[in-house]
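Everything below concerns the one structure shown next.
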Amino acid sequence: MPITKSRLTRTEAQEYRTRLLQLEKMGIPIWRGGDFWHEPDPLTVEQIDDHLAWIYELPLGEIAVVVFAELTVLRSGILIMDRGVKTQWDDFLDLSDPKESTYYEDIIHGLPSFPPKFLNHWLTGNVPLRPRQEEGVIFAKGWGSVPPECPDETLITVKLFLRDQRGNEPCFDFEARLDRSVKRKYQPRLRERLTNRVPIFQREDTEPRDQDRTIEQQVRGPISPSPGAVSVEKPIEGSPPDVPRDETDEPIGA
């Protein structure tokens, strides 16, 4: 029966390499073969527990990914220029601010600590990283579609892509469980709002009622004719009025 040889994680390989160096300093000969003596990656992001990773299908076609991971930076000066998360359905998600999500409270409820510590700050801060080792949550959100035949709790592969200032493009694989609880909670409410919404340009009544017209006339009072509608002729200023003359009248001084 063949023996299956498990592969060490990056953290375990680093610890093994450190112990070999300690033995070498003590004068104990060691074997320098294998991959343990290769230069370790200056930046790694490793998933801690797949039970603390979810891919949420949200209402209106949104998707959110939450992964609990460990960020390790071994060298100063690494500047992350671009980043993103890709699902196995080729949906690209952005590492956005998790607190700007409408469903923030529902998404973080299953995390071990509150408030959770997010790693997005170091991956999107656009500042050179210093050596550090941090545990926290990676959050990504975007538009996408989950096949309806894919049941809840299915393990979905997601990939974290990074690109630094030197053109290096490390990629890290995560496993997340599909969760539709947020969609089931809010989707019916959103549909009801959209169905009952009245268009902004729709008028309830296009013609004023007779009662409204009567009230409007009472408030305004009787309609008076405009000055331009008066037909009475006024005498021209400075000229005598037109007085009819008697036929028997004689001119003065006759």
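Residues in the structure tokens are named by chain (A, B, ... in the order shown) and by number from 1 within that chain; ligands are numbered from 1 in the order shown.
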
Which of region 10-172 of chain A fall in strand (DSSP E or B), as a PyMOL selection string
chain A and resi 43-47+53-57+62-73+78+80-87+92-94+118+129+132-143+155-164+171-172

Backbone-only DSSP, alpha helix (DSSP H) members of region 25-176 of chain A, as an NGL selection string
:A and (25 or 104-107 or 120-124)

Output as a tab-separated table one row per residue of region 72-119 of chain A within 10 Å of region 145-154 of chain A: the closest atom pair and its distance in Å to one decimal place, counting only C-alpha atoms, sorted by chain and residue number ascending.
residue	atom	partner	partner_atom	distance
A:Thr87	CA	A:Val146	CA	9.7
A:Gln88	CA	A:Val146	CA	9.8
A:Trp89	CA	A:Val146	CA	7.7
A:Asp90	CA	A:Ser145	CA	9.6
A:Asp91	CA	A:Ser145	CA	7.7

Pick the closest to Glu169 (chain A) from A:Leu23, A:Ala13, A:Ile78, A:Val137: which is it, counting only C-alpha atoms?
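Smallest distance to Glu169 (chain A) is found for A:Ile78.
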
List the neighbours of Ala64 (chain A) out to 7 Å using only C-alpha atoms; skip same-chain residues closer than 2 positions along the sequence, and give me the result as a ChimeraX atom specification.
/A:55-57,62,66,140-142

Please save C-alpha atoms of the selected residues as a PDB file, in the first residue's frame.
ATOM      1  CA  ILE A  55     -18.809  32.869   0.748  1.00  0.00           C
ATOM      2  CA  TYR A  56     -22.098  34.695   1.207  1.00  0.00           C
ATOM      3  CA  GLU A  57     -24.654  34.968  -1.562  1.00  0.00           C
ATOM      4  CA  GLU A  62     -23.853  40.467  -4.659  1.00  0.00           C
ATOM      5  CA  VAL A  66     -14.908  36.183   4.552  1.00  0.00           C
ATOM      6  CA  ALA A 140     -13.983  40.872  -0.323  1.00  0.00           C
ATOM      7  CA  LYS A 141     -17.218  41.853  -2.035  1.00  0.00           C
ATOM      8  CA  GLY A 142     -18.516  42.244  -5.569  1.00  0.00           C
TER       9      GLY A 142
END

Figure out the distance between CA of Leu60 (chain A) and CA of Ile107 (chain A), please, to one decimal in Å.
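Between CA of Ile107 (chain A) and CA of Leu60 (chain A) the gap is 16.0 Å.
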
Fewer than 4 positions away in the same chain doesn't count, so skip those; otherwise give me all residues within 12 Å of Lys185 (chain A), counting only C-alpha atoms, as a ChimeraX atom specification.
/A:57-59,103,106,179-181,189-191

Residues from last step as file, N, CA and C atoms, as a PDB file, in the first residue's frame:
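Output below, filename again.pdb:
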ATOM      1  N   GLU A  57     -23.847  34.493  -0.440  1.00  0.00           N
ATOM      2  CA  GLU A  57     -24.654  34.968  -1.562  1.00  0.00           C
ATOM      3  C   GLU A  57     -25.643  35.986  -1.004  1.00  0.00           C
ATOM      4  N   LEU A  58     -25.523  37.227  -1.457  1.00  0.00           N
ATOM      5  CA  LEU A  58     -26.308  38.331  -0.925  1.00  0.00           C
ATOM      6  C   LEU A  58     -27.447  38.682  -1.884  1.00  0.00           C
ATOM      7  N   PRO A  59     -28.408  39.488  -1.442  1.00  0.00           N
ATOM      8  CA  PRO A  59     -29.490  39.904  -2.335  1.00  0.00           C
ATOM      9  C   PRO A  59     -28.977  40.740  -3.499  1.00  0.00           C
ATOM     10  N   TYR A 103     -24.764  44.575   4.882  1.00  0.00           N
ATOM     11  CA  TYR A 103     -25.020  43.378   5.682  1.00  0.00           C
ATOM     12  C   TYR A 103     -23.832  43.072   6.609  1.00  0.00           C
ATOM     13  N   ASP A 106     -24.558  40.962   9.805  1.00  0.00           N
ATOM     14  CA  ASP A 106     -24.895  39.563   9.525  1.00  0.00           C
ATOM     15  C   ASP A 106     -23.674  38.773   9.086  1.00  0.00           C
ATOM     16  N   ASP A 179     -22.949  30.118   1.918  1.00  0.00           N
ATOM     17  CA  ASP A 179     -23.975  30.492   2.894  1.00  0.00           C
ATOM     18  C   ASP A 179     -24.983  31.416   2.210  1.00  0.00           C
ATOM     19  N   ARG A 180     -26.265  31.036   2.238  1.00  0.00           N
ATOM     20  CA  ARG A 180     -27.329  31.848   1.638  1.00  0.00           C
ATOM     21  C   ARG A 180     -28.275  32.437   2.687  1.00  0.00           C
ATOM     22  N   SER A 181     -27.897  32.397   3.946  1.00  0.00           N
ATOM     23  CA  SER A 181     -28.799  32.841   5.013  1.00  0.00           C
ATOM     24  C   SER A 181     -29.123  34.330   4.898  1.00  0.00           C
ATOM     25  N   ARG A 189     -37.912  41.045   1.499  1.00  0.00           N
ATOM     26  CA  ARG A 189     -38.219  42.432   1.847  1.00  0.00           C
ATOM     27  C   ARG A 189     -37.889  43.369   0.695  1.00  0.00           C
ATOM     28  N   LEU A 190     -36.754  43.139   0.053  1.00  0.00           N
ATOM     29  CA  LEU A 190     -36.365  44.006  -1.064  1.00  0.00           C
ATOM     30  C   LEU A 190     -37.328  43.851  -2.227  1.00  0.00           C
ATOM     31  N   ARG A 191     -37.772  42.628  -2.504  1.00  0.00           N
ATOM     32  CA  ARG A 191     -38.730  42.429  -3.595  1.00  0.00           C
ATOM     33  C   ARG A 191     -40.050  43.132  -3.303  1.00  0.00           C
TER      34      ARG A 191
END

Between CA of Gly167 (chain A) and CA of Phe92 (chain A), what is the distance in Å, rounded to a tenth?
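Value for the CA of Gly167 (chain A)-CA of Phe92 (chain A) distance: 19.9 Å.
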
Closest pair table for region 121-179 of chain A residues within 9 Å of region 48-52 of chain A, only C-alpha atoms, as a Markdown table:
| residue | atom | partner | partner_atom | distance |
| --- | --- | --- | --- | --- |
| A:Glu135 | CA | A:Ile48 | CA | 8.5 |
| A:Leu155 | CA | A:Asp50 | CA | 8.7 |
| A:Phe174 | CA | A:Asp50 | CA | 7.7 |
| A:Glu175 | CA | A:Asp50 | CA | 5.8 |
| A:Ala176 | CA | A:Asp50 | CA | 6.1 |
| A:Arg177 | CA | A:His51 | CA | 7.6 |

Contact residues around Glu46 (chain A) with only C-alpha atoms at 8 Å, ignoring same-chain residues under 5 positions, as JSON, numbers by chain:
{"A": [69, 70, 71, 172]}
